[in-house]
Structure formats: structure tokens, C-alpha cells
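Q: Structure file my_file.txt, compact mmCIF, C-alpha atoms, is pasted below:
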```txt
# COMPACT_ATOMS: atom_id res chain seq x y z
CA MET A 25 8.90 -1.27 26.35
CA GLU A 26 10.86 -3.28 23.75
CA GLU A 27 13.77 -1.86 21.76
CA SER A 28 15.08 -2.64 18.27
CA GLU A 29 18.34 -1.19 16.90
CA TYR A 30 19.97 -0.92 13.49
CA LEU A 31 22.76 1.39 12.26
CA GLY A 32 22.38 3.49 15.40
CA GLU A 33 18.63 3.91 14.81
CA ARG A 34 16.26 2.75 17.54
CA VAL A 35 12.61 1.80 17.58
CA TYR A 36 10.81 1.55 20.91
CA THR A 37 7.66 -0.56 20.96
CA CYS A 38 4.94 -0.70 23.57
CA LEU A 39 1.27 -1.63 23.91
CA VAL A 40 -0.87 1.27 25.14
CA PRO A 41 -4.10 0.22 26.92
CA PRO A 42 -6.62 -0.76 25.80
CA GLY A 43 -4.58 -2.28 22.96
CA LEU A 44 -2.97 0.24 20.57
CA SER A 45 0.52 -0.77 19.34
CA LEU A 46 2.93 2.17 19.51
CA TYR A 47 6.23 2.39 17.58
CA LEU A 48 8.59 5.26 18.42
CA LEU A 49 11.59 6.27 16.27
CA PRO A 50 13.24 9.23 18.03
CA LYS A 51 15.76 11.05 15.81
CA PRO A 52 17.68 13.66 17.86
CA GLY A 53 18.83 16.62 15.80
CA PHE A 54 15.93 16.47 13.36
CA HIS A 55 13.58 19.44 13.07
CA THR A 56 10.31 17.66 12.30
CA ALA A 57 8.25 14.67 13.40
CA HIS A 58 6.06 12.40 11.31
CA ALA A 59 3.24 10.29 12.74
CA LEU A 60 1.20 7.59 11.01
CA LEU A 61 -1.90 6.00 12.53
CA SER A 62 -2.76 2.80 10.67
CA VAL A 63 -6.14 1.08 10.94
CA GLY A 64 -6.34 -2.54 9.81
CA TYR A 65 -9.20 -1.87 7.39
CA GLY A 66 -8.81 -1.79 3.62
CA SER A 67 -10.75 -2.32 0.43
CA LEU A 68 -10.42 -6.13 0.63
CA ASP A 69 -12.35 -6.21 3.90
CA ARG A 70 -15.84 -6.50 2.53
CA SER A 71 -16.48 -9.80 4.39
CA PHE A 72 -15.90 -9.97 8.14
CA ARG A 73 -17.44 -10.95 11.44
CA LEU A 74 -17.01 -10.09 15.09
CA LEU A 75 -16.48 -12.81 17.66
CA GLY A 76 -19.82 -14.24 18.65
CA SER A 77 -21.74 -12.64 15.77
CA SER A 78 -22.78 -13.75 12.32
CA PRO A 79 -20.71 -12.89 9.21
CA GLN A 80 -21.27 -9.48 7.66
CA THR A 81 -20.67 -8.16 4.16
CA ALA A 82 -20.31 -4.60 2.92
CA PRO A 83 -20.22 -3.05 -0.54
CA ASP A 84 -16.92 -2.06 -2.13
CA GLY A 85 -15.46 1.26 -1.05
CA VAL A 86 -16.57 1.52 2.61
CA ALA A 87 -13.02 1.79 4.01
CA HIS A 88 -12.25 4.68 1.63
CA PHE A 89 -15.64 6.28 2.38
CA LEU A 90 -14.87 6.23 6.11
CA GLU A 91 -11.47 7.82 5.50
CA HIS A 92 -13.21 10.74 3.77
CA ARG A 93 -15.93 11.14 6.38
CA LEU A 94 -13.53 11.22 9.32
CA PHE A 95 -12.07 14.45 7.94
CA ALA A 96 -15.47 16.07 8.45
CA SER A 97 -14.83 16.20 12.20
CA PRO A 98 -17.34 17.78 14.61
CA LEU A 99 -14.27 19.59 16.02
CA GLY A 100 -13.91 21.59 12.80
CA ASP A 101 -12.14 21.18 9.48
CA VAL A 102 -9.30 18.73 10.15
CA GLY A 103 -6.89 20.30 7.64
CA ASP A 104 -7.44 23.77 9.10
CA ARG A 105 -6.95 22.51 12.65
CA PHE A 106 -3.62 20.90 11.79
CA ALA A 107 -2.52 23.97 9.84
CA ALA A 108 -3.20 26.08 12.94
CA LEU A 109 -0.81 23.76 14.80
CA GLY A 110 1.82 24.22 12.07
CA ALA A 111 1.32 20.73 10.64
CA GLU A 112 0.24 19.07 7.38
CA VAL A 113 -2.19 16.15 7.47
CA ASN A 114 -3.38 13.58 4.95
CA ALA A 115 -4.71 10.04 4.68
CA HIS A 116 -4.98 7.17 2.24
CA THR A 117 -6.68 3.80 1.94
CA THR A 118 -5.03 0.70 0.51
CA TYR A 119 -6.19 -2.88 0.00
CA THR A 120 -5.43 -3.78 3.62
CA ASN A 121 -5.09 -0.57 5.66
CA THR A 122 -6.33 2.97 6.13
CA SER A 123 -3.66 5.41 7.32
CA TYR A 124 -3.89 8.93 8.77
CA PHE A 125 -0.64 10.87 9.01
CA PHE A 126 0.83 14.29 9.71
CA THR A 127 4.20 16.06 9.66
CA ALA A 128 4.91 18.79 12.19
CA ALA A 129 7.88 20.90 13.28
CA THR A 130 6.37 21.96 16.62
CA ARG A 131 3.51 21.06 18.99
CA VAL A 132 3.85 17.38 18.12
CA GLU A 133 2.00 16.15 21.19
CA GLU A 134 -0.96 18.43 20.45
CA CYS A 135 -1.04 17.15 16.88
CA LEU A 136 -1.01 13.56 18.14
CA GLU A 137 -3.88 14.31 20.48
CA PHE A 138 -5.96 15.79 17.70
CA LEU A 139 -5.08 12.92 15.33
CA LEU A 140 -6.35 10.36 17.82
CA ASP A 141 -9.34 12.55 18.70
CA PHE A 142 -10.72 12.95 15.19
CA VAL A 143 -10.10 9.29 14.28
CA LEU A 144 -11.56 7.83 17.49
CA ASN A 145 -14.45 10.28 17.99
CA PRO A 146 -16.18 10.87 14.66
CA GLN A 147 -19.68 12.13 14.16
CA PHE A 148 -21.58 10.71 11.20
CA THR A 149 -24.77 12.24 9.85
CA ALA A 150 -27.15 11.15 7.11
CA GLU A 151 -26.60 14.49 5.34
CA GLY A 152 -22.84 14.02 5.44
CA VAL A 153 -23.15 10.56 3.92
CA VAL A 154 -25.21 11.93 1.04
CA ARG A 155 -22.63 14.65 0.37
CA GLU A 156 -19.80 12.14 0.48
CA ARG A 157 -21.53 9.85 -2.01
CA ALA A 158 -21.61 12.68 -4.53
CA ILE A 159 -17.96 13.61 -3.92
CA ILE A 160 -16.64 10.05 -4.28
CA THR A 161 -18.81 9.30 -7.31
CA ARG A 162 -17.35 12.37 -8.98
CA GLU A 163 -13.86 11.23 -7.98
CA LEU A 164 -14.48 7.85 -9.61
CA GLN A 165 -15.67 9.55 -12.80
CA LEU A 166 -12.50 11.65 -12.95
CA TYR A 167 -10.34 8.53 -12.61
CA GLY A 168 -12.31 6.93 -15.43
CA ASP A 169 -10.23 8.66 -18.11
CA SER A 170 -6.86 8.49 -16.32
CA LEU A 171 -4.48 6.38 -18.41
CA GLU A 172 -2.31 5.39 -15.44
CA TRP A 173 -5.21 4.37 -13.23
CA ILE A 174 -7.17 2.54 -15.94
CA SER A 175 -4.06 0.62 -16.99
CA PHE A 176 -3.38 -0.38 -13.38
CA ILE A 177 -6.96 -1.47 -12.59
CA ARG A 178 -7.34 -3.40 -15.85
CA ALA A 179 -4.08 -5.23 -15.15
CA LEU A 180 -5.41 -6.33 -11.76
CA GLN A 181 -8.69 -7.37 -13.36
CA ALA A 182 -6.72 -9.39 -15.91
CA LEU A 183 -4.85 -11.10 -13.07
CA TYR A 184 -7.62 -11.52 -10.51
CA GLY A 185 -10.91 -11.49 -12.40
CA ASP A 186 -13.83 -10.82 -10.05
CA HIS A 187 -11.71 -10.86 -6.89
CA PRO A 188 -11.92 -7.58 -4.89
CA LEU A 189 -8.37 -6.74 -6.03
CA GLY A 190 -9.88 -5.96 -9.43
CA VAL A 191 -12.17 -3.26 -7.97
CA ASP A 192 -11.13 0.36 -7.43
CA ILE A 193 -10.23 0.95 -3.76
CA ALA A 194 -12.88 3.69 -3.72
CA GLY A 195 -15.50 1.24 -5.00
CA THR A 196 -17.85 1.72 -7.94
CA PRO A 197 -20.67 4.24 -8.44
CA ALA A 198 -23.16 1.45 -7.66
CA SER A 199 -21.39 0.28 -4.49
CA VAL A 200 -20.94 3.85 -3.22
CA ALA A 201 -24.66 4.47 -3.74
CA ALA A 202 -25.36 1.51 -1.42
CA ILE A 203 -23.41 3.00 1.51
CA ASP A 204 -25.74 4.51 4.12
CA LEU A 205 -25.38 5.88 7.64
CA ASP A 206 -26.17 2.59 9.39
CA LEU A 207 -23.61 0.65 7.32
CA LEU A 208 -20.95 3.28 7.90
CA GLN A 209 -21.47 3.19 11.67
CA ARG A 210 -21.39 -0.63 11.78
CA CYS A 211 -18.14 -0.84 9.81
CA TYR A 212 -16.55 1.93 11.86
CA GLY A 213 -17.52 0.14 15.08
CA ALA A 214 -16.07 -3.14 13.82
CA PHE A 215 -12.69 -1.88 12.63
CA TYR A 216 -11.84 1.39 14.38
CA ARG A 217 -10.72 -0.14 17.68
CA PRO A 218 -7.37 0.57 19.38
CA GLY A 219 -6.47 -3.12 19.14
CA ASN A 220 -6.86 -2.92 15.36
CA MET A 221 -4.56 0.13 15.11
CA ARG A 222 -0.83 0.87 15.09
CA LEU A 223 0.70 4.29 15.70
CA PHE A 224 4.18 5.08 14.33
CA ILE A 225 6.05 8.27 15.25
CA GLY A 226 9.48 9.27 13.99
CA GLY A 227 11.66 12.36 14.28
CA ARG A 228 11.89 15.05 16.93
CA PHE A 229 9.88 14.29 20.08
CA GLU A 230 10.28 13.13 23.67
CA VAL A 231 9.58 9.43 24.04
CA GLU A 232 8.18 9.51 27.58
CA ALA A 233 6.02 12.57 26.93
CA VAL A 234 4.51 10.98 23.79
CA VAL A 235 3.76 7.67 25.52
CA GLU A 236 2.08 9.53 28.38
CA ARG A 237 0.04 11.74 26.01
CA VAL A 238 -1.12 8.80 23.88
CA GLY A 239 -2.12 6.92 27.04
CA ARG A 240 -4.23 9.85 28.21
CA CYS A 241 -5.92 10.10 24.80
CA LEU A 242 -6.98 6.45 25.00
CA GLU A 243 -8.38 6.62 28.52
CA GLY A 244 -12.00 5.54 28.46
CA CYS A 245 -11.72 3.76 25.10
CA ALA A 246 -13.46 0.41 25.22
CA GLU A 247 -11.68 -2.50 23.60
CA GLY A 248 -13.90 -5.13 22.07
CA PRO A 249 -12.81 -8.03 19.85
CA SER A 250 -11.06 -7.17 16.61
CA PRO A 251 -12.85 -8.24 13.44
CA LEU A 252 -12.13 -11.65 11.96
CA LEU A 253 -11.38 -11.03 8.31
CA GLN A 254 -12.18 -13.15 5.29
CA ARG A 255 -9.82 -11.54 2.81
CA GLY A 256 -9.46 -13.21 -0.55
CA THR A 257 -12.42 -15.58 -0.20
CA ASP A 258 -14.35 -14.05 -3.11
CA GLY A 259 -14.44 -15.53 -6.60
CA HIS A 260 -11.49 -15.55 -8.96
CA GLN A 261 -11.07 -16.17 -12.67
CA GLY A 262 -7.87 -15.40 -14.49
CA PRO A 263 -5.39 -14.69 -15.87
CA LEU A 264 -7.03 -12.86 -18.77
CA ARG A 265 -6.26 -10.50 -21.63
CA LEU A 266 -8.24 -7.26 -21.47
CA SER A 267 -8.33 -4.28 -23.80
CA THR A 268 -9.71 -0.78 -23.25
CA ALA A 269 -9.93 2.26 -25.53
CA LEU A 270 -8.92 5.76 -24.40
CA PRO A 271 -8.05 8.91 -26.36
CA VAL A 272 -4.27 8.39 -26.12
CA ALA A 273 -1.48 8.81 -28.66
CA LEU A 274 0.20 5.42 -28.10
CA PRO A 275 -0.98 2.04 -26.84
CA ARG A 276 -0.03 1.11 -23.29
CA LEU A 277 0.84 -2.44 -22.28
CA CYS A 278 0.71 -3.63 -18.67
CA LEU A 279 1.89 -7.18 -18.13
CA GLY A 280 1.13 -8.66 -14.70
CA PHE A 281 2.15 -11.70 -12.69
CA GLY A 282 0.24 -12.33 -9.49
CA GLU A 283 -0.73 -14.75 -6.74
CA LEU A 284 -3.47 -15.15 -4.17
CA GLY A 285 -3.25 -16.80 -0.79
CA ALA A 286 -0.61 -16.56 1.90
CA PRO A 287 2.59 -18.10 0.49
CA ALA A 288 4.79 -16.15 2.92
CA GLN A 289 4.51 -14.14 6.12
CA GLY A 290 6.74 -11.82 8.10
CA GLN A 291 10.42 -11.91 7.27
CA ALA A 292 9.90 -14.45 4.47
CA LEU A 293 7.45 -12.08 2.79
CA LEU A 294 9.93 -9.19 2.96
CA ARG A 295 12.59 -11.41 1.37
CA ARG A 296 10.22 -12.41 -1.42
CA GLU A 297 9.28 -8.79 -2.08
CA LEU A 298 12.96 -7.83 -2.22
CA CYS A 299 13.60 -10.72 -4.62
CA ALA A 300 10.90 -9.39 -6.94
CA GLU A 301 12.27 -5.85 -6.84
CA LEU A 302 15.83 -6.95 -7.58
CA VAL A 303 14.87 -9.33 -10.38
CA LEU A 304 12.79 -6.68 -12.14
CA ASP A 305 15.48 -4.04 -11.65
CA LEU A 306 18.19 -6.32 -13.06
CA LEU A 307 16.13 -7.33 -16.09
CA PHE A 308 14.10 -4.21 -16.89
CA GLY A 309 15.48 -1.29 -14.83
CA ALA A 310 17.02 1.86 -16.31
CA ALA A 311 20.52 0.32 -16.08
CA SER A 312 19.56 -2.95 -17.80
CA ASP A 313 20.52 -4.09 -21.28
CA PHE A 314 16.81 -4.55 -22.06
CA TYR A 315 16.07 -0.90 -21.29
CA ALA A 316 18.99 0.43 -23.31
CA ARG A 317 18.26 -1.81 -26.28
CA HIS A 318 14.56 -1.06 -26.55
CA TYR A 319 14.81 2.61 -25.68
CA GLU A 320 17.20 2.91 -28.60
CA SER A 321 14.87 1.01 -30.93
CA GLY A 322 11.85 3.07 -29.83
CA LEU A 323 9.92 0.06 -28.53
CA ILE A 324 9.68 1.55 -25.02
CA ASP A 325 8.98 5.07 -23.82
CA ALA A 326 11.48 6.18 -21.17
CA GLU A 327 8.94 8.26 -19.25
CA SER A 328 6.28 5.57 -18.84
CA PHE A 329 8.12 2.25 -18.91
CA GLY A 330 8.73 0.66 -15.55
CA CYS A 331 7.87 -2.02 -13.01
CA GLU A 332 5.72 -2.10 -9.88
CA VAL A 333 5.76 -4.59 -7.02
CA TYR A 334 3.08 -5.05 -4.33
CA PHE A 335 3.35 -7.79 -1.69
CA GLU A 336 0.99 -8.49 1.20
CA PRO A 337 0.35 -11.71 3.16
CA GLU A 338 -2.89 -12.28 1.24
CA PHE A 339 -1.67 -11.54 -2.29
CA SER A 340 1.21 -10.31 -4.41
CA PHE A 341 1.68 -8.95 -7.90
CA CYS A 342 4.36 -7.56 -10.22
CA LEU A 343 3.53 -5.27 -13.14
CA ILE A 344 5.77 -4.45 -16.13
CA GLY A 345 5.02 -2.14 -19.04
CA GLY A 346 4.46 1.31 -20.45
CA ASP A 347 3.61 3.17 -23.66
CA THR A 348 4.74 1.48 -26.84
CA PRO A 349 4.04 1.64 -30.61
CA ASP A 350 4.01 -2.18 -30.70
CA PRO A 351 2.37 -3.79 -27.64
CA ALA A 352 2.56 -7.32 -29.04
CA GLY A 353 6.25 -6.82 -29.77
CA LEU A 354 6.93 -5.44 -26.29
CA GLU A 355 5.08 -8.33 -24.63
CA ALA A 356 7.13 -10.82 -26.64
CA GLU A 357 10.38 -9.06 -25.72
CA ILE A 358 9.52 -9.00 -21.99
CA LEU A 359 8.69 -12.70 -22.01
CA GLY A 360 11.83 -13.39 -24.00
CA GLU A 361 13.96 -11.51 -21.47
CA LEU A 362 12.47 -13.53 -18.61
CA GLU A 363 13.25 -16.75 -20.46
CA ARG A 364 16.82 -15.68 -21.25
CA ALA A 365 17.38 -14.85 -17.58
CA ARG A 366 16.38 -18.41 -16.67
CA GLU A 367 18.99 -19.82 -19.03
CA THR A 368 21.88 -17.39 -18.43
CA ASP A 369 23.80 -15.92 -15.49
CA THR A 370 22.31 -12.42 -15.82
CA LEU A 371 21.06 -12.39 -12.23
CA GLU A 372 24.38 -13.53 -10.81
CA LYS A 373 26.41 -11.01 -12.81
CA GLY A 374 24.34 -8.01 -11.86
CA PHE A 375 23.32 -8.95 -8.33
CA ALA A 376 26.04 -7.15 -6.35
CA ARG A 377 25.45 -3.83 -8.12
CA ALA A 378 21.65 -3.97 -7.86
CA ALA A 379 21.70 -5.14 -4.24
CA ARG A 380 24.11 -2.36 -3.19
CA ARG A 381 21.97 0.27 -4.86
CA ALA A 382 18.75 -1.04 -3.27
CA TYR A 383 20.39 -1.29 0.15
CA GLY A 384 21.78 2.24 -0.17
CA GLN A 385 18.34 3.60 -1.04
CA ALA A 386 16.84 1.80 1.98
CA VAL A 387 19.48 3.30 4.30
CA GLN A 388 18.88 6.77 2.83
CA ARG A 389 15.20 6.44 3.75
CA LEU A 390 16.22 6.19 7.40
CA ASP A 391 17.59 9.74 7.15
CA GLN A 392 14.13 11.13 6.37
CA VAL A 393 11.40 11.02 8.99
CA GLU A 394 8.65 9.99 6.55
CA GLY A 395 10.88 7.38 4.93
CA ALA A 396 11.95 5.93 8.29
CA VAL A 397 8.37 5.69 9.52
CA GLY A 398 7.33 4.16 6.19
CA ALA A 399 10.09 1.54 6.34
CA VAL A 400 9.14 0.43 9.86
CA PHE A 401 5.43 0.45 9.02
CA GLY A 402 6.09 -1.62 5.88
CA ALA A 403 7.93 -4.27 7.88
CA VAL A 404 5.57 -4.39 10.85
CA SER A 405 2.41 -4.47 8.72
CA ARG A 406 3.76 -7.58 6.99
CA GLY A 407 4.37 -9.30 10.30
CA ALA A 408 8.15 -8.70 10.50
CA GLU A 409 10.35 -6.91 13.02
CA PRO A 410 10.73 -3.10 12.66
CA PHE A 411 14.07 -3.32 10.84
CA GLY A 412 13.12 -6.48 8.96
CA LEU A 413 13.84 -4.98 5.55
CA PHE A 414 17.51 -4.58 6.41
CA GLU A 415 17.64 -8.13 7.72
CA ALA A 416 16.30 -9.25 4.34
CA HIS A 417 19.06 -7.32 2.56
CA ARG A 418 21.78 -8.89 4.71
CA HIS A 419 20.91 -12.48 3.88
CA LEU A 420 19.61 -12.37 0.30
CA GLY A 421 21.67 -13.82 -2.55
CA PRO A 422 21.39 -14.72 -6.26
CA PRO A 423 20.07 -18.27 -5.60
CA GLU A 424 16.93 -16.83 -3.99
CA LEU A 425 16.39 -14.51 -6.96
CA ARG A 426 16.68 -17.45 -9.31
CA VAL A 427 14.11 -19.43 -7.32
CA PHE A 428 11.71 -16.48 -7.44
CA LEU A 429 12.16 -16.08 -11.20
CA ALA A 430 11.56 -19.77 -11.84
CA ALA A 431 8.51 -20.04 -9.61
CA HIS A 432 6.61 -16.78 -10.06
CA LEU A 433 7.30 -14.90 -13.30
CA LEU A 434 5.80 -17.58 -15.54
CA PRO A 435 4.27 -16.82 -18.97
CA ALA A 436 1.30 -19.09 -18.36
CA ARG A 437 0.34 -17.10 -15.26
CA ARG A 438 0.45 -13.64 -16.80
CA GLY A 439 -2.44 -11.22 -17.09
CA VAL A 440 -2.34 -8.65 -19.89
CA ALA A 441 -4.02 -5.24 -19.99
CA LEU A 442 -3.94 -3.07 -23.10
CA VAL A 443 -5.09 0.52 -23.43
CA MET A 444 -5.48 1.27 -27.11
CA PRO A 445 -6.01 4.63 -28.85
CA GLY A 446 -9.69 5.23 -29.45
CA ALA A 447 -12.83 6.91 -28.15
CA LEU A 448 -14.04 6.43 -24.59
```
Let's see the structure in the file written out as C-alpha cells.

A:
Amino acid sequence: MEESEYLGERVYTCLVPPGLSLYLLPKPGFHTAHALLSVGYGSLDRSFRLLGSSPQTAPDGVAHFLEHRLFASPLGDVGDRFAALGAEVNAHTTYTNTSYFFTAATRVEECLEFLLDFVLNPQFTAEGVVRERAIITRELQLYGDSLEWISFIRALQALYGDHPLGVDIAGTPASVAAIDLDLLQRCYGAFYRPGNMRLFIGGRFEVEAVVERVGRCLEGCAEGPSPLLQRGTDGHQGPLRLSTALPVALPRLCLGFGELGAPAQGQALLRRELCAELVLDLLFGAASDFYARHYESGLIDAESFGCEVYFEPEFSFCLIGGDTPDPAGLEAEILGELERARETDTLEKGFARAARRAYGQAVQRLDQVEGAVGAVFGAVSRGAEPFGLFEAHRHLGPPELRVFLAAHLLPARRGVALVMPGAL
């Protein structure tokens, strides 16, 4: 068992046969535990193959569909079972992972056993697939008039064109209609293998007892080859300018800057993500001159204006925007602020303050079981060490921020999404 340490916090790492990676963050004195089981299967994984077999493709939305169907366990309603154990359970699917997680104050080992049981021993039926199609199609229809979601998806479409990043993680009504029982079973068999999973547990529990219980749960699990992914190989055309009409009071602008490929891995990727967060905070955050100036003028709306950063080995993007009475004016001001930052010492002057605040927020996350598990998961899933984020903070300086600004936030590489007032 390997051990990592930072600020008195420890993460124990071990490989549980037949291949599940286990990360343990014991926190004596805490009253709850949080566990997260991550499967390396996300919405980008529509092209893959197993060793020795031919390539396979799947329609958009299968990873999300599987997440839903696993909660229809043959052992009974999953939410009710966890509630009976005094725990809360949930799940979500991203572009690269599907995660199942619970928080419990007692009976943590029993909760872990049930978590692994319902994820590793599902029962799919044709009738259940039909029901799930209807549920997810309805879910997609509900998102269709959500300003936040439409703005986000259109921004990614403006950046990435017909790449899978521009498709809703849940798929489309047409792709969901193409998901059948056989496809679901094939994709489950390809991706839901212990060697393609990581289990993170933080909070109040006994390390040895948890390792022993997890080992027992995995007895008899066969470990075949993990799938070979072909993420990001689909077509791409962008950046673009896209406009959509919704019944809203004000236009919404979402300005995006993105990349495809694998420009950084592991610790380098964490550093690049931190660079992006600090640059955007310094230039457009609530403490910035830009924010104060344009809040006062009415160009930005305090409730909706903000920035978002998403970095993975296969892609990265930064989004800036919000509601505004003058989207063209706001776009020009954002681009102007980026240009001014290239020519002035804004990043150098504000770096110490922004870096201290970001570091303090990261340390505070370690004092919450969900935040601590999330921080370790975020580092490990990007190929870094468990406390890699803090290593990034220790060695980052203004020169790296300036390099990021010069190389990545370029006007010629922007995608623009507008949601304008109008009928659906």
C-alpha cells in the first residue's frame, strides 16, 4: 500500500484484485464518510475496441443511459436501500467518466458493499430499456428550454463543431432511440470492469476493514482487457458563431476558447488548469476592475456573469459570459481586456492575492469529506498524484500565467454562442 501526505492529510493507495484502484483518505474525528466509484466511461467514448476485437461504435448517450439503468437494481430501489442504511446516493456522467457516490454517517462498509454490488451486478431487461428511453427523452426535452444548458451546449458547438463535445452528455432523442438491450449489455461489458474503475473513500472509516471488505466484494470478478478508447477522433469544424432564440428577457453571450488533443498530462495538466482559473479570476472575477466597471455601467449582470474552466487530457475549454443588454459590446470588452492584459502588468500585480485565495479555497476543501475526495479524484483522473493540485499551487508563478494567456486565449480561436430573446 502506497502513502501520500500533505498538510497532515494522508491518502493510502492500493490495487485490489482483479484490478480496482483504491484511494483511502481517513479523517479521524469526522462524523461522515464519502465514497466515489468512478468508471472510465463517458459521453466521448462512442468509438472503442477491446484487445483482439474489431472497433465498435455506439450512439451518443450510452454512458448516461447505463448510469440510469444501474439504479434499477434487481436488489430493489437503490435510493431506498441506501436510505435504509442511513446514506444518500447519487451519480453523474461526464465527458470522460461515470461516477456513483454516497455519503454516510454509519454502516459505511455495508454501503460500500451495496455500491459495488449494484454497479457490478446489474440486470438489464428489454422492458427497462424501453422505459428508460422515454425517461431520458423527456429529460432532454426539459433541458431544451433551459437558458443555462442551451448557452453551454451552443458554446461547445461553436468551439468544436460536430465533435462529440458538442453533443449533450445524455445524447439526442434520435441517439437514445437507437439504444437497445444488446447495445447496452455490450457497452457495459466493455467498460464496467474493475481495472477500468477507481474507488475513493474519505472521512470516518477503518482502513484495514474497508480494504478487506472491498476485496471480498470483488472476489470472483473476472478481469478482461480494458477498452482501447478513440476519444476525439470524430470530425471537427470551428470555431463558429451560433445564435439561438429563447423566451428570455436579455440576450446571453457565451464566449469560448478551446483546444482538442493532448497538450498536457498529469501534473502539467493541473498546472495549466490552474493557470486558466487564475487568469480568468484576475481579469474577470468579482474582484477585478473589469467586473466593477461593467457592473456599474450595466453591461454585465452580476448574477449570471462568470467564467468556467474544464480541462481533461483530451480537450480543454474556458467559457466567459452572461446576460447583457449589449452582447456585441460585451464581446468587444472581453477581447479588449484580454489584449490589455497582454500589454500590461495586470497579471503580475494581482497574482499574489488571487493565488492565495485559490490556495486557501483548495485547503478548505480538504476539511470537507466530499471536497477532499473530489480534490484527489480530480488529480488522479488527470494522471497526477493524489495531492497534485497543491503541488501545482506551490510552483506556479506569473510567468506561467502570461504564457497561458499568450498561447490559449486568442481572439482568432474563439467560439461565440448567443441566446437572443425570441420564440422557441

Q: Find the residues with any atom within 12 Å of (-11.5, -0.5, -10.4); use all atoms listed in the file and the coordinates as given in the file, and write the answer as number ranges by chain.

A: A: 67, 84-85, 119, 164-165, 167-168, 170, 173-182, 184-197, 199

Q: Between A:Val238, A:Ala430, A:Leu61, A:Met25, which has the minimum distance to Thr122 (chain A) (counting all atoms listed in the file)?

A: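 Closest to Thr122 (chain A), using all atoms listed in the file: A:Leu61.
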
Q: Do a neighbour search on Leu434 (chain A) at 9 Å with only C-alpha atoms, toss out local chain neighbours closer than 5 positions, and write the hits as a list in words.

A: Phe281, Leu359, Leu362, Glu363 and Leu429 of chain A

Q: Name the closest residue to Leu74 (chain A) among the candidates A:Arg406, A:Arg210, A:Arg380, A:Arg105; distances are taken between atoms, counting all atoms listed in the file.

A: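 Under the stated criterion, the closest residue is A:Arg210.
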
Q: Can you work out which one of A:Ala376, A:Leu266, A:Ala115, A:Ala82 has the shortest atom-to-atom distance to Ala59 (chain A), counting all atoms listed in the file?

A: A:Ala115

Q: Residues within 9 Å of (5.2, 18.6, 10.2), file coordinates, counting all atoms listed in the file: what are they? Give the list as a short mmCIF file (atom, residue, chain, number, x, y, z; two decimals) with C-alpha atoms, in the frame of the given file.

A:
```cif
data_model
loop_
_atom_site.label_atom_id
_atom_site.label_comp_id
_atom_site.auth_asym_id
_atom_site.auth_seq_id
_atom_site.Cartn_x
_atom_site.Cartn_y
_atom_site.Cartn_z
CA HIS A 55 13.58 19.44 13.07
CA THR A 56 10.31 17.66 12.30
CA ALA A 57 8.25 14.67 13.40
CA HIS A 58 6.06 12.40 11.31
CA ALA A 59 3.24 10.29 12.74
CA GLY A 110 1.82 24.22 12.07
CA ALA A 111 1.32 20.73 10.64
CA GLU A 112 0.24 19.07 7.38
CA VAL A 113 -2.19 16.15 7.47
CA PHE A 126 0.83 14.29 9.71
CA THR A 127 4.20 16.06 9.66
CA ALA A 128 4.91 18.79 12.19
CA ALA A 129 7.88 20.90 13.28
CA THR A 130 6.37 21.96 16.62
CA VAL A 132 3.85 17.38 18.12
#
```

Q: As a ChimeraX atom specification, please: the residues near Phe314 (chain A) (cut-off 9 Å, all atoms listed in the file, same-chain neighbours under 4 positions excluded).

A: /A:307-310,318-319,357-358,361

Q: Check the smallest atom-to-atom distance from each of A:Phe224, A:Phe106, A:Leu44, A:Ser250 to Phe72 (chain A) using all atoms listed in the file, then report the winner.

A: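 Closest to Phe72 (chain A) of all the choices is A:Ser250.
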
Q: Name the closest residue to Ile324 (chain A) among the candidates A:Leu302, A:Leu343, A:Val397, A:Leu354; distances are taken between atoms, counting only C-alpha atoms.

A: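 The answer is A:Leu354, which sits nearest to Ile324 (chain A).
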
Q: Separation of CA of Glu133 (chain A) and CA of Glu247 (chain A), in Å?

A: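 Straight-line distance from CA of Glu133 (chain A) to CA of Glu247 (chain A) works out to 23.3 Å.
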
Q: Between A:Val154, A:Ile225, A:Leu94, A:Val102, which is the closest to Gly395 (chain A) once you count all atoms listed in the file?

A: A:Ile225

Q: List the spatial neighbours of Ala431 (chain A) as a PyMOL selection string - criterion: any atom at most 12 Å away, only C-alpha atoms, same-chain residues fewer than 6 positions off excluded.

A: chain A and resi 281-283+287+296+299-300+362+366+424-425+437

Q: Would you export the selected residues with C-alpha atoms as a tab-separated table (two decimals), in the frame of the given file, please?

A:
```tsv
chain	number	residue	atom	x	y	z
A	281	PHE	CA	2.15	-11.70	-12.69
A	282	GLY	CA	0.24	-12.33	-9.49
A	283	GLU	CA	-0.73	-14.75	-6.74
A	287	PRO	CA	2.59	-18.10	0.49
A	296	ARG	CA	10.22	-12.41	-1.42
A	299	CYS	CA	13.60	-10.72	-4.62
A	300	ALA	CA	10.90	-9.39	-6.94
A	362	LEU	CA	12.47	-13.53	-18.61
A	366	ARG	CA	16.38	-18.41	-16.67
A	424	GLU	CA	16.93	-16.83	-3.99
A	425	LEU	CA	16.39	-14.51	-6.96
A	437	ARG	CA	0.34	-17.10	-15.26
```

Q: Could you jot down the CA of Pro349 (chain A) to CA of Cys278 (chain A) separation for me, Å, one decimal place?

A: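 We find that CA of Pro349 (chain A) and CA of Cys278 (chain A) lie 13.5 Å from each other.
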
Q: Write out as a ChimeraX atom specification each polymer residue whose atoms come within 10 Å of Glu243 (chain A), counting all atoms listed in the file; drop sequence neighbours fewer than 5 positions from it.

A: /A:40-42,238

Q: If you measure from CA of Pro83 (chain A) to CA of Tyr65 (chain A), what distance in Å do you get, rounded to one decimal?

A: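 CA of Tyr65 (chain A) lies at a distance of 13.6 Å from CA of Pro83 (chain A).
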